[in-house]
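Visitor: Contents of entry_32.pdb (PDB, C-alpha atoms and all ligand atoms):
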MODEL        1
ATOM      1  CA  MET A   2       9.060  -9.248 -21.549  1.00  0.00           C
ATOM      2  CA  THR A   3      10.201  -7.866 -18.233  1.00  0.00           C
ATOM      3  CA  THR A   4       7.365  -7.936 -15.748  1.00  0.00           C
ATOM      4  CA  ILE A   5       6.552  -5.331 -13.105  1.00  0.00           C
ATOM      5  CA  ALA A   6       7.696  -7.846 -10.478  1.00  0.00           C
ATOM      6  CA  ASP A   7      11.097  -8.169 -12.230  1.00  0.00           C
ATOM      7  CA  LYS A   8      11.547  -4.417 -12.529  1.00  0.00           C
ATOM      8  CA  LEU A   9      10.522  -3.922  -8.920  1.00  0.00           C
ATOM      9  CA  GLN A  10      13.166  -6.421  -7.914  1.00  0.00           C
ATOM     10  CA  SER A  11      15.891  -4.635  -9.888  1.00  0.00           C
ATOM     11  CA  VAL A  12      14.924  -1.272  -8.378  1.00  0.00           C
ATOM     12  CA  ARG A  13      15.104  -2.823  -4.914  1.00  0.00           C
ATOM     13  CA  ALA A  14      18.556  -4.180  -5.806  1.00  0.00           C
ATOM     14  CA  ARG A  15      19.670  -0.712  -6.973  1.00  0.00           C
ATOM     15  CA  ILE A  16      18.513   0.771  -3.665  1.00  0.00           C
ATOM     16  CA  ALA A  17      20.274  -1.950  -1.652  1.00  0.00           C
ATOM     17  CA  GLN A  18      23.473  -1.411  -3.611  1.00  0.00           C
ATOM     18  CA  ALA A  19      23.291   2.358  -3.164  1.00  0.00           C
ATOM     19  CA  CYS A  20      22.753   1.894   0.576  1.00  0.00           C
ATOM     20  CA  ALA A  21      25.750  -0.430   0.778  1.00  0.00           C
ATOM     21  CA  ALA A  22      27.893   2.041  -1.179  1.00  0.00           C
ATOM     22  CA  ALA A  23      26.873   4.817   1.215  1.00  0.00           C
ATOM     23  CA  GLY A  24      27.477   2.697   4.307  1.00  0.00           C
ATOM     24  CA  ARG A  25      23.794   2.840   5.212  1.00  0.00           C
ATOM     25  CA  PRO A  26      21.638  -0.099   6.334  1.00  0.00           C
ATOM     26  CA  ALA A  27      19.678  -1.766   3.520  1.00  0.00           C
ATOM     27  CA  ASP A  28      16.350  -0.812   5.108  1.00  0.00           C
ATOM     28  CA  ALA A  29      17.227   2.886   5.490  1.00  0.00           C
ATOM     29  CA  VAL A  30      15.447   3.851   2.282  1.00  0.00           C
ATOM     30  CA  ALA A  31      11.773   3.206   1.563  1.00  0.00           C
ATOM     31  CA  LEU A  32      10.528   2.718  -1.971  1.00  0.00           C
ATOM     32  CA  LEU A  33       7.529   4.667  -3.188  1.00  0.00           C
ATOM     33  CA  ALA A  34       6.195   3.225  -6.463  1.00  0.00           C
ATOM     34  CA  VAL A  35       4.965   6.096  -8.621  1.00  0.00           C
ATOM     35  CA  SER A  36       1.988   4.722 -10.539  1.00  0.00           C
ATOM     36  CA  LYS A  37       0.694   7.891 -12.220  1.00  0.00           C
ATOM     37  CA  THR A  38      -0.738   7.235 -15.721  1.00  0.00           C
ATOM     38  CA  PHE A  39      -0.728   3.454 -15.061  1.00  0.00           C
ATOM     39  CA  GLY A  40      -3.954   1.618 -14.374  1.00  0.00           C
ATOM     40  CA  PRO A  41      -5.182  -0.355 -11.376  1.00  0.00           C
ATOM     41  CA  GLN A  42      -3.849  -3.635 -12.857  1.00  0.00           C
ATOM     42  CA  ALA A  43      -0.289  -2.278 -12.733  1.00  0.00           C
ATOM     43  CA  VAL A  44      -0.704  -1.259  -9.087  1.00  0.00           C
ATOM     44  CA  HIS A  45      -2.240  -4.633  -8.306  1.00  0.00           C
ATOM     45  CA  ALA A  46       0.695  -6.462  -9.936  1.00  0.00           C
ATOM     46  CA  ALA A  47       3.224  -4.398  -7.971  1.00  0.00           C
ATOM     47  CA  ALA A  48       1.275  -4.953  -4.747  1.00  0.00           C
ATOM     48  CA  LEU A  49       1.236  -8.729  -5.323  1.00  0.00           C
ATOM     49  CA  ALA A  50       5.033  -8.473  -5.690  1.00  0.00           C
ATOM     50  CA  GLY A  51       5.150  -6.993  -2.176  1.00  0.00           C
ATOM     51  CA  GLN A  52       4.985  -3.240  -2.834  1.00  0.00           C
ATOM     52  CA  CYS A  53       2.738  -1.361  -0.413  1.00  0.00           C
ATOM     53  CA  CYS A  54       3.430   2.381  -0.952  1.00  0.00           C
ATOM     54  CA  PHE A  55       2.238   4.114  -4.105  1.00  0.00           C
ATOM     55  CA  GLY A  56       2.663   7.698  -5.291  1.00  0.00           C
ATOM     56  CA  GLU A  57       0.233   9.589  -7.493  1.00  0.00           C
ATOM     57  CA  ASN A  58       0.303  13.082  -9.034  1.00  0.00           C
ATOM     58  CA  TYR A  59      -3.167  13.658 -10.460  1.00  0.00           C
ATOM     59  CA  ILE A  60      -5.827  13.702  -7.783  1.00  0.00           C
ATOM     60  CA  GLN A  61      -8.916  12.550  -9.651  1.00  0.00           C
ATOM     61  CA  GLU A  62      -6.991   9.805 -11.467  1.00  0.00           C
ATOM     62  CA  ALA A  63      -5.640   8.662  -8.113  1.00  0.00           C
ATOM     63  CA  VAL A  64      -8.986   8.608  -6.327  1.00  0.00           C
ATOM     64  CA  ASP A  65     -10.532   6.491  -9.095  1.00  0.00           C
ATOM     65  CA  LYS A  66      -7.552   4.128  -8.979  1.00  0.00           C
ATOM     66  CA  ILE A  67      -7.571   3.815  -5.184  1.00  0.00           C
ATOM     67  CA  THR A  68     -11.214   2.709  -5.323  1.00  0.00           C
ATOM     68  CA  GLN A  69     -10.594   0.289  -8.200  1.00  0.00           C
ATOM     69  CA  VAL A  70      -7.560  -1.319  -6.571  1.00  0.00           C
ATOM     70  CA  ALA A  71      -9.381  -1.716  -3.256  1.00  0.00           C
ATOM     71  CA  ALA A  72     -12.152  -3.595  -5.084  1.00  0.00           C
ATOM     72  CA  MET A  73      -9.581  -6.024  -6.572  1.00  0.00           C
ATOM     73  CA  GLY A  74      -8.622  -7.303  -3.118  1.00  0.00           C
ATOM     74  CA  LEU A  75      -5.069  -7.561  -1.775  1.00  0.00           C
ATOM     75  CA  PRO A  76      -3.357  -9.328   1.119  1.00  0.00           C
ATOM     76  CA  GLN A  77      -1.803  -6.108   2.481  1.00  0.00           C
ATOM     77  CA  PRO A  78      -3.214  -2.616   2.993  1.00  0.00           C
ATOM     78  CA  LEU A  79      -1.766  -0.027   0.589  1.00  0.00           C
ATOM     79  CA  GLN A  80      -0.490   3.437   1.448  1.00  0.00           C
ATOM     80  CA  TRP A  81      -1.186   6.272  -0.982  1.00  0.00           C
ATOM     81  CA  HIS A  82       1.121   9.277  -1.260  1.00  0.00           C
ATOM     82  CA  CYS A  83       0.190  12.463  -3.087  1.00  0.00           C
ATOM     83  CA  ILE A  84       3.309  13.735  -4.864  1.00  0.00           C
ATOM     84  CA  GLY A  85       1.667  16.191  -7.260  1.00  0.00           C
ATOM     85  CA  PRO A  86       0.526  19.778  -6.805  1.00  0.00           C
ATOM     86  CA  VAL A  87      -2.603  20.182  -4.646  1.00  0.00           C
ATOM     87  CA  GLN A  88      -4.945  22.921  -5.845  1.00  0.00           C
ATOM     88  CA  SER A  89      -7.372  24.388  -3.303  1.00  0.00           C
ATOM     89  CA  ASN A  90     -10.373  22.753  -4.958  1.00  0.00           C
ATOM     90  CA  LYS A  91      -8.743  19.315  -4.556  1.00  0.00           C
ATOM     91  CA  THR A  92      -7.780  19.457  -0.870  1.00  0.00           C
ATOM     92  CA  ARG A  93     -10.923  17.629   0.291  1.00  0.00           C
ATOM     93  CA  LEU A  94     -10.316  14.674  -2.035  1.00  0.00           C
ATOM     94  CA  VAL A  95      -6.697  14.515  -0.907  1.00  0.00           C
ATOM     95  CA  ALA A  96      -7.622  14.728   2.790  1.00  0.00           C
ATOM     96  CA  GLU A  97     -10.185  11.951   2.392  1.00  0.00           C
ATOM     97  CA  HIS A  98      -8.244   9.479   0.225  1.00  0.00           C
ATOM     98  CA  PHE A  99      -4.502   9.803   0.794  1.00  0.00           C
ATOM     99  CA  ASP A 100      -2.201   8.783   3.656  1.00  0.00           C
ATOM    100  CA  TRP A 101       0.613  11.193   2.799  1.00  0.00           C
ATOM    101  CA  VAL A 102       1.162  14.504   0.976  1.00  0.00           C
ATOM    102  CA  HIS A 103       4.749  15.296  -0.088  1.00  0.00           C
ATOM    103  CA  THR A 104       4.124  18.606  -1.792  1.00  0.00           C
ATOM    104  CA  LEU A 105       3.102  21.132   0.864  1.00  0.00           C
ATOM    105  CA  ASP A 106       4.432  24.560  -0.038  1.00  0.00           C
ATOM    106  CA  ARG A 107       1.667  26.874   1.198  1.00  0.00           C
ATOM    107  CA  LEU A 108       0.168  27.280   4.649  1.00  0.00           C
ATOM    108  CA  LYS A 109      -3.312  27.811   3.198  1.00  0.00           C
ATOM    109  CA  THR A 110      -3.273  24.359   1.600  1.00  0.00           C
ATOM    110  CA  ALA A 111      -1.996  22.820   4.836  1.00  0.00           C
ATOM    111  CA  GLN A 112      -4.804  24.462   6.820  1.00  0.00           C
ATOM    112  CA  ARG A 113      -7.450  23.189   4.422  1.00  0.00           C
ATOM    113  CA  LEU A 114      -6.022  19.661   4.525  1.00  0.00           C
ATOM    114  CA  SER A 115      -6.032  19.697   8.330  1.00  0.00           C
ATOM    115  CA  ASP A 116      -9.589  21.060   8.488  1.00  0.00           C
ATOM    116  CA  GLN A 117     -10.826  18.519   5.949  1.00  0.00           C
ATOM    117  CA  ARG A 118      -9.054  15.413   7.259  1.00  0.00           C
ATOM    118  CA  PRO A 119     -11.849  13.023   8.331  1.00  0.00           C
ATOM    119  CA  ALA A 120     -11.978  12.368  12.089  1.00  0.00           C
ATOM    120  CA  ASP A 121     -11.943   8.587  11.646  1.00  0.00           C
ATOM    121  CA  LEU A 122      -8.603   8.611   9.805  1.00  0.00           C
ATOM    122  CA  PRO A 123      -5.153   9.059  11.371  1.00  0.00           C
ATOM    123  CA  PRO A 124      -3.518  12.460  10.809  1.00  0.00           C
ATOM    124  CA  LEU A 125      -2.332  13.102   7.251  1.00  0.00           C
ATOM    125  CA  GLN A 126       1.453  12.596   7.037  1.00  0.00           C
ATOM    126  CA  VAL A 127       3.063  15.555   5.271  1.00  0.00           C
ATOM    127  CA  CYS A 128       6.379  16.772   3.898  1.00  0.00           C
ATOM    128  CA  ILE A 129       7.376  20.327   3.052  1.00  0.00           C
ATOM    129  CA  GLN A 130       8.394  20.639  -0.601  1.00  0.00           C
ATOM    130  CA  VAL A 131      11.611  22.621  -0.962  1.00  0.00           C
ATOM    131  CA  ASN A 132      12.875  24.227  -4.160  1.00  0.00           C
ATOM    132  CA  VAL A 133      16.668  24.421  -4.041  1.00  0.00           C
ATOM    133  CA  ASP A 134      17.486  24.855  -7.721  1.00  0.00           C
ATOM    134  CA  GLY A 135      14.652  26.598  -9.510  1.00  0.00           C
ATOM    135  CA  GLY A 136      13.270  30.053  -9.903  1.00  0.00           C
ATOM    136  CA  ALA A 137      10.020  31.417  -8.529  1.00  0.00           C
ATOM    137  CA  SER A 138       8.003  29.476 -11.115  1.00  0.00           C
ATOM    138  CA  LYS A 139       9.012  26.119  -9.652  1.00  0.00           C
ATOM    139  CA  ALA A 140       6.902  24.465  -6.947  1.00  0.00           C
ATOM    140  CA  GLY A 141       8.275  24.313  -3.412  1.00  0.00           C
ATOM    141  CA  VAL A 142       9.371  26.885  -0.857  1.00  0.00           C
ATOM    142  CA  PRO A 143      12.849  28.388  -1.043  1.00  0.00           C
ATOM    143  CA  PRO A 144      15.126  26.996   1.701  1.00  0.00           C
ATOM    144  CA  GLU A 145      15.010  30.229   3.691  1.00  0.00           C
ATOM    145  CA  GLU A 146      11.209  30.001   4.027  1.00  0.00           C
ATOM    146  CA  ALA A 147      11.037  26.301   4.880  1.00  0.00           C
ATOM    147  CA  LEU A 148      11.407  26.642   8.662  1.00  0.00           C
ATOM    148  CA  GLU A 149       8.593  29.163   9.021  1.00  0.00           C
ATOM    149  CA  LEU A 150       6.206  26.967   7.016  1.00  0.00           C
ATOM    150  CA  ALA A 151       7.281  23.831   8.886  1.00  0.00           C
ATOM    151  CA  ARG A 152       6.666  25.518  12.256  1.00  0.00           C
ATOM    152  CA  ALA A 153       3.151  26.535  11.212  1.00  0.00           C
ATOM    153  CA  VAL A 154       2.366  23.089   9.764  1.00  0.00           C
ATOM    154  CA  ALA A 155       3.585  21.386  12.950  1.00  0.00           C
ATOM    155  CA  GLN A 156       0.822  23.238  14.842  1.00  0.00           C
ATOM    156  CA  LEU A 157      -2.019  21.908  12.704  1.00  0.00           C
ATOM    157  CA  PRO A 158      -3.988  19.262  14.608  1.00  0.00           C
ATOM    158  CA  ARG A 159      -4.830  16.842  11.803  1.00  0.00           C
ATOM    159  CA  LEU A 160      -1.442  16.889  10.054  1.00  0.00           C
ATOM    160  CA  CYS A 161       1.721  15.088  11.114  1.00  0.00           C
ATOM    161  CA  LEU A 162       4.877  16.781   9.843  1.00  0.00           C
ATOM    162  CA  ARG A 163       7.281  14.081   8.608  1.00  0.00           C
ATOM    163  CA  GLY A 164      10.030  15.829   6.672  1.00  0.00           C
ATOM    164  CA  VAL A 165      11.166  17.390   3.441  1.00  0.00           C
ATOM    165  CA  MET A 166      10.631  16.557  -0.225  1.00  0.00           C
ATOM    166  CA  SER A 167      12.283  17.945  -3.331  1.00  0.00           C
ATOM    167  CA  ILE A 168      12.296  17.420  -7.095  1.00  0.00           C
ATOM    168  CA  PRO A 169      15.657  18.703  -8.325  1.00  0.00           C
ATOM    169  CA  ASP A 170      15.938  19.362 -12.053  1.00  0.00           C
ATOM    170  CA  GLU A 171      17.400  16.479 -14.043  1.00  0.00           C
ATOM    171  CA  LEU A 172      21.167  16.608 -14.250  1.00  0.00           C
ATOM    172  CA  PRO A 173      23.348  14.481 -16.494  1.00  0.00           C
ATOM    173  CA  ASP A 174      26.077  13.345 -14.148  1.00  0.00           C
ATOM    174  CA  ALA A 175      26.255  11.803 -10.715  1.00  0.00           C
ATOM    175  CA  ALA A 176      28.473  14.484  -9.171  1.00  0.00           C
ATOM    176  CA  GLN A 177      26.077  17.287 -10.128  1.00  0.00           C
ATOM    177  CA  GLN A 178      23.119  15.245  -8.899  1.00  0.00           C
ATOM    178  CA  LEU A 179      24.843  14.621  -5.581  1.00  0.00           C
ATOM    179  CA  ALA A 180      25.648  18.319  -5.129  1.00  0.00           C
ATOM    180  CA  VAL A 181      22.030  19.426  -5.540  1.00  0.00           C
ATOM    181  CA  HIS A 182      20.709  16.548  -3.419  1.00  0.00           C
ATOM    182  CA  LEU A 183      23.102  17.518  -0.640  1.00  0.00           C
ATOM    183  CA  ARG A 184      21.563  20.997  -0.626  1.00  0.00           C
ATOM    184  CA  VAL A 185      18.172  19.421   0.059  1.00  0.00           C
ATOM    185  CA  ARG A 186      19.741  17.282   2.780  1.00  0.00           C
ATOM    186  CA  GLN A 187      21.102  20.436   4.408  1.00  0.00           C
ATOM    187  CA  VAL A 188      17.621  21.944   4.547  1.00  0.00           C
ATOM    188  CA  PHE A 189      16.296  18.704   6.067  1.00  0.00           C
ATOM    189  CA  ASP A 190      19.027  18.655   8.733  1.00  0.00           C
ATOM    190  CA  ALA A 191      18.584  22.343   9.553  1.00  0.00           C
ATOM    191  CA  LEU A 192      14.814  21.974   9.970  1.00  0.00           C
ATOM    192  CA  ARG A 193      15.195  18.905  12.134  1.00  0.00           C
ATOM    193  CA  ALA A 194      17.752  20.639  14.343  1.00  0.00           C
ATOM    194  CA  GLN A 195      15.783  23.881  14.648  1.00  0.00           C
ATOM    195  CA  GLY A 196      12.362  22.258  14.975  1.00  0.00           C
ATOM    196  CA  GLY A 197      13.556  19.989  17.760  1.00  0.00           C
ATOM    197  CA  ALA A 198      11.004  17.992  19.727  1.00  0.00           C
ATOM    198  CA  GLY A 199       8.207  20.220  18.400  1.00  0.00           C
ATOM    199  CA  PHE A 200       8.518  18.542  15.019  1.00  0.00           C
ATOM    200  CA  GLY A 201       7.856  15.046  16.389  1.00  0.00           C
ATOM    201  CA  ALA A 202       8.676  12.259  13.917  1.00  0.00           C
ATOM    202  CA  PHE A 203      10.621  14.412  11.473  1.00  0.00           C
ATOM    203  CA  ASP A 204      12.317  11.466   9.790  1.00  0.00           C
ATOM    204  CA  THR A 205      11.600  11.574   6.054  1.00  0.00           C
ATOM    205  CA  LEU A 206      13.717  12.938   3.232  1.00  0.00           C
ATOM    206  CA  SER A 207      11.717  12.246   0.052  1.00  0.00           C
ATOM    207  CA  LEU A 208      14.320  12.521  -2.665  1.00  0.00           C
ATOM    208  CA  GLY A 209      15.391  10.633  -5.772  1.00  0.00           C
ATOM    209  CA  MET A 210      13.638   9.174  -8.810  1.00  0.00           C
ATOM    210  CA  THR A 211      14.469   6.520 -11.420  1.00  0.00           C
ATOM    211  CA  GLY A 212      17.305   8.558 -12.918  1.00  0.00           C
ATOM    212  CA  ASP A 213      19.019   9.796  -9.780  1.00  0.00           C
ATOM    213  CA  LEU A 214      18.198   7.452  -6.925  1.00  0.00           C
ATOM    214  CA  GLU A 215      21.846   6.500  -6.294  1.00  0.00           C
ATOM    215  CA  ALA A 216      22.828  10.143  -5.779  1.00  0.00           C
ATOM    216  CA  ALA A 217      19.783  10.681  -3.562  1.00  0.00           C
ATOM    217  CA  VAL A 218      20.618   7.679  -1.375  1.00  0.00           C
ATOM    218  CA  ALA A 219      24.212   8.901  -1.108  1.00  0.00           C
ATOM    219  CA  ALA A 220      22.870  12.276   0.037  1.00  0.00           C
ATOM    220  CA  GLY A 221      20.692  10.709   2.742  1.00  0.00           C
ATOM    221  CA  SER A 222      17.294  10.159   1.119  1.00  0.00           C
ATOM    222  CA  THR A 223      14.964   7.999   3.207  1.00  0.00           C
ATOM    223  CA  MET A 224      12.313   7.580   0.510  1.00  0.00           C
ATOM    224  CA  VAL A 225      12.888   7.366  -3.230  1.00  0.00           C
ATOM    225  CA  ARG A 226       9.990   7.886  -5.648  1.00  0.00           C
ATOM    226  CA  VAL A 227      10.388   5.568  -8.615  1.00  0.00           C
ATOM    227  CA  GLY A 228       7.956   5.435 -11.539  1.00  0.00           C
ATOM    228  CA  SER A 229       9.364   4.455 -14.936  1.00  0.00           C
ATOM    229  CA  GLY A 230      11.943   2.126 -13.357  1.00  0.00           C
ATOM    230  CA  ILE A 231       9.073  -0.030 -12.100  1.00  0.00           C
ATOM    231  CA  PHE A 232       6.207   0.501 -14.530  1.00  0.00           C
ATOM    232  CA  GLY A 233       8.004   1.427 -17.769  1.00  0.00           C
ATOM    233  CA  ALA A 234       7.754   4.555 -19.904  1.00  0.00           C
ATOM    234  CA  ARG A 235       4.739   6.774 -19.331  1.00  0.00           C
ATOM    235  CA  HIS A 236       2.389   7.694 -22.149  1.00  0.00           C
ATOM    236  CA  TYR A 237       0.502  10.864 -21.423  1.00  0.00           C
ATOM    237  CA  PRO A 238      -2.746  11.487 -23.227  1.00  0.00           C
ATOM    238  CA  ALA A 239      -2.215  13.752 -26.246  1.00  0.00           C
ATOM    239  CA  VAL A 240      -4.855  16.106 -24.891  1.00  0.00           C
ATOM    240  CA  PRO A 241      -4.865  16.600 -21.116  1.00  0.00           C
ATOM    241  CA  PRO A 242      -8.118  15.510 -19.458  1.00  0.00           C
ATOM    242  CA  ALA A 243     -10.531  18.393 -18.780  1.00  0.00           C
TER     243      ALA A 243
HETATM  244  C1  LIG B 301       6.690  11.215 -11.879  1.00  0.00           C
HETATM  245  C2  LIG B 301       7.379  11.517 -10.609  1.00  0.00           C
HETATM  246  C3  LIG B 301       8.334  10.642 -10.066  1.00  0.00           C
HETATM  247  C4  LIG B 301       8.806   9.378 -10.749  1.00  0.00           C
HETATM  248  O1  LIG B 301       9.611   9.692 -11.837  1.00  0.00           O
HETATM  249  P1  LIG B 301      10.433   8.548 -12.631  1.00  0.00           P
HETATM  250  O2  LIG B 301      11.487   9.299 -13.324  1.00  0.00           O
HETATM  251  O3  LIG B 301       9.467   7.893 -13.546  1.00  0.00           O
HETATM  252  O4  LIG B 301      10.959   7.610 -11.613  1.00  0.00           O
HETATM  253  C5  LIG B 301       8.885  10.963  -8.829  1.00  0.00           C
HETATM  254  N1  LIG B 301       8.521  12.084  -8.164  1.00  0.00           N
HETATM  255  C6  LIG B 301       7.618  12.941  -8.657  1.00  0.00           C
HETATM  256  C7  LIG B 301       7.261  14.146  -7.879  1.00  0.00           C
HETATM  257  C8  LIG B 301       7.025  12.692  -9.889  1.00  0.00           C
HETATM  258  O5  LIG B 301       6.144  13.574 -10.369  1.00  0.00           O
ENDMDL
END
Would you write out, as structure tokens, the structure that this file holds?

Guide:
Amino acid sequence: MTTIADKLQSVRARIAQACAAAGRPADAVALLAVSKTFGPQAVHAAALAGQCCFGENYIQEAVDKITQVAAMGLPQPLQWHCIGPVQSNKTRLVAEHFDWVHTLDRLKTAQRLSDQRPADLPPLQVCIQVNVDGGASKAGVPPEEALELARAVAQLPRLCLRGVMSIPDELPDAAQQLAVHLRVRQVFDALRAQGGAGFGAFDTLSLGMTGDLEAAVAAGSTMVRVGSGIFGARHYPAVPPA
């Protein structure tokens, strides 16, 4: 059986190879291990294999897991990234338990997160989620609204604006994947140029998953979010939890 440590190693090799192919340094792309639906033991195994950043989509599941993993003891501190939608009634949990939020697409949510971020924690690191290929029903702001939201978020005292995130629809071939990823890259570059010094450490392009990480790295991703490539296939409960 292939262990989590083995799969983690092959994902790291894929990233290194994609960086080499794109003429980028091997450490230009961070790996976020997406552990949604997997238990604390899986996170613990990945952490023992050197992984420190984990992504979660479902807030209550994540908060339980964060507590359980902390109780298991680890040599390194872990970083938790929220990569799922954040409903208003969940902002406090997110502000109290996560280090990053990738999915900001409304100012109201950003304001609540800033207000609710505990004073003893560093500012919450955030990315603006951009929707480059979907209709109005898809999460994320359209590219033409991204700058206005980013400017407002950059003013919030307890948030630190770090960049742009996107979840392009799955596409079958590498050329199509690259084309849509390059549109996200353009939004990232435009925001960074227009935001200037006011955006501080605007250095993160959160783009690419198990199926399209090569295209994302070619397009300039600085953080790929990989779940099934590390932990295996996900099994969702037949009935969603209440
Ligand atoms: C689940 C998820 C991932 C990981 O997807 P895989 O295809 O399993 O790598 C990445 N990003 C987001 C936003 C997700 O919800």

Visitor: Do you know which residues are at most 6 Å from range 49-54 of chain A counting all atoms listed in the file, after dropping those on the same chain fewer than 5 positions away, and could you put them as a list of chain:residue names?

Guide: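 Returned residues: A:Ala6, A:Leu33, A:Leu79, A:Gln80.
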
Visitor: Which residues are close to Ala202 in chain A, i.e. within 9 Å by only C-alpha atoms, leaving aside same-chain residues fewer than 6 positions away? Reply as number ranges by chain.

Guide: A: 161-164

Visitor: Report the centre and edge lengths, in Å to one decimal, of an axis-aligned box enclosing every atom of ligand LIG 301 (chain B) listed in the file, padded by 5 Å on each side, as JSON.

Guide:
{"center_x": 8.8, "center_y": 10.9, "center_z": -10.7, "size_x": 15.3, "size_y": 16.5, "size_z": 15.7}

Visitor: Excluding range 93-110 of chain A and any residue of its chain fewer than 4 positions from it, enumerate the residues within 9 Å of it, using all atoms listed in the file, and give them as a VMD selection string.

Guide: chain A and resid 60 to 61 63 to 64 67 80 to 89 114 to 119 122 to 131 140 to 142 147 150 to 151 153 to 154 164 to 167 207

Visitor: Produce a file of the selected residues containing C-alpha atoms, as a PDB file, keeping the file's coordinate frame.

Guide:
ATOM      1  CA  ILE A  60      -5.827  13.702  -7.783  1.00  0.00           C
ATOM      2  CA  GLN A  61      -8.916  12.550  -9.651  1.00  0.00           C
ATOM      3  CA  ALA A  63      -5.640   8.662  -8.113  1.00  0.00           C
ATOM      4  CA  VAL A  64      -8.986   8.608  -6.327  1.00  0.00           C
ATOM      5  CA  ILE A  67      -7.571   3.815  -5.184  1.00  0.00           C
ATOM      6  CA  GLN A  80      -0.490   3.437   1.448  1.00  0.00           C
ATOM      7  CA  TRP A  81      -1.186   6.272  -0.982  1.00  0.00           C
ATOM      8  CA  HIS A  82       1.121   9.277  -1.260  1.00  0.00           C
ATOM      9  CA  CYS A  83       0.190  12.463  -3.087  1.00  0.00           C
ATOM     10  CA  ILE A  84       3.309  13.735  -4.864  1.00  0.00           C
ATOM     11  CA  GLY A  85       1.667  16.191  -7.260  1.00  0.00           C
ATOM     12  CA  PRO A  86       0.526  19.778  -6.805  1.00  0.00           C
ATOM     13  CA  VAL A  87      -2.603  20.182  -4.646  1.00  0.00           C
ATOM     14  CA  GLN A  88      -4.945  22.921  -5.845  1.00  0.00           C
ATOM     15  CA  SER A  89      -7.372  24.388  -3.303  1.00  0.00           C
ATOM     16  CA  LEU A 114      -6.022  19.661   4.525  1.00  0.00           C
ATOM     17  CA  SER A 115      -6.032  19.697   8.330  1.00  0.00           C
ATOM     18  CA  ASP A 116      -9.589  21.060   8.488  1.00  0.00           C
ATOM     19  CA  GLN A 117     -10.826  18.519   5.949  1.00  0.00           C
ATOM     20  CA  ARG A 118      -9.054  15.413   7.259  1.00  0.00           C
ATOM     21  CA  PRO A 119     -11.849  13.023   8.331  1.00  0.00           C
ATOM     22  CA  LEU A 122      -8.603   8.611   9.805  1.00  0.00           C
ATOM     23  CA  PRO A 123      -5.153   9.059  11.371  1.00  0.00           C
ATOM     24  CA  PRO A 124      -3.518  12.460  10.809  1.00  0.00           C
ATOM     25  CA  LEU A 125      -2.332  13.102   7.251  1.00  0.00           C
ATOM     26  CA  GLN A 126       1.453  12.596   7.037  1.00  0.00           C
ATOM     27  CA  VAL A 127       3.063  15.555   5.271  1.00  0.00           C
ATOM     28  CA  CYS A 128       6.379  16.772   3.898  1.00  0.00           C
ATOM     29  CA  ILE A 129       7.376  20.327   3.052  1.00  0.00           C
ATOM     30  CA  GLN A 130       8.394  20.639  -0.601  1.00  0.00           C
ATOM     31  CA  VAL A 131      11.611  22.621  -0.962  1.00  0.00           C
ATOM     32  CA  ALA A 140       6.902  24.465  -6.947  1.00  0.00           C
ATOM     33  CA  GLY A 141       8.275  24.313  -3.412  1.00  0.00           C
ATOM     34  CA  VAL A 142       9.371  26.885  -0.857  1.00  0.00           C
ATOM     35  CA  ALA A 147      11.037  26.301   4.880  1.00  0.00           C
ATOM     36  CA  LEU A 150       6.206  26.967   7.016  1.00  0.00           C
ATOM     37  CA  ALA A 151       7.281  23.831   8.886  1.00  0.00           C
ATOM     38  CA  ALA A 153       3.151  26.535  11.212  1.00  0.00           C
ATOM     39  CA  VAL A 154       2.366  23.089   9.764  1.00  0.00           C
ATOM     40  CA  GLY A 164      10.030  15.829   6.672  1.00  0.00           C
ATOM     41  CA  VAL A 165      11.166  17.390   3.441  1.00  0.00           C
ATOM     42  CA  MET A 166      10.631  16.557  -0.225  1.00  0.00           C
ATOM     43  CA  SER A 167      12.283  17.945  -3.331  1.00  0.00           C
ATOM     44  CA  SER A 207      11.717  12.246   0.052  1.00  0.00           C
TER      45      SER A 207
END

Visitor: Please identify the residues whose atoms come within 9 Å of ligand LIG 301 (chain B), using only C-alpha atoms and all ligand atoms, and report them as a ChimeraX atom specification.

Guide: /A:33-37,56-58,83-86,103-104,166-168,207-214,225-235

Visitor: With all atoms listed in the file as the atoms that count, which of A:Thr92, A:Gln42, A:Gln112, A:Thr205 lies nearest to Phe189 in chain A?

Guide: A:Thr205

Visitor: Just to confirm, what's the straight-line distance from CA of Ala191 in chain A to CA of Ala23 in chain A in Å (one decimal)?

Guide: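 Separation of CA of Ala191 in chain A and CA of Ala23 in chain A: 21.1 Å.
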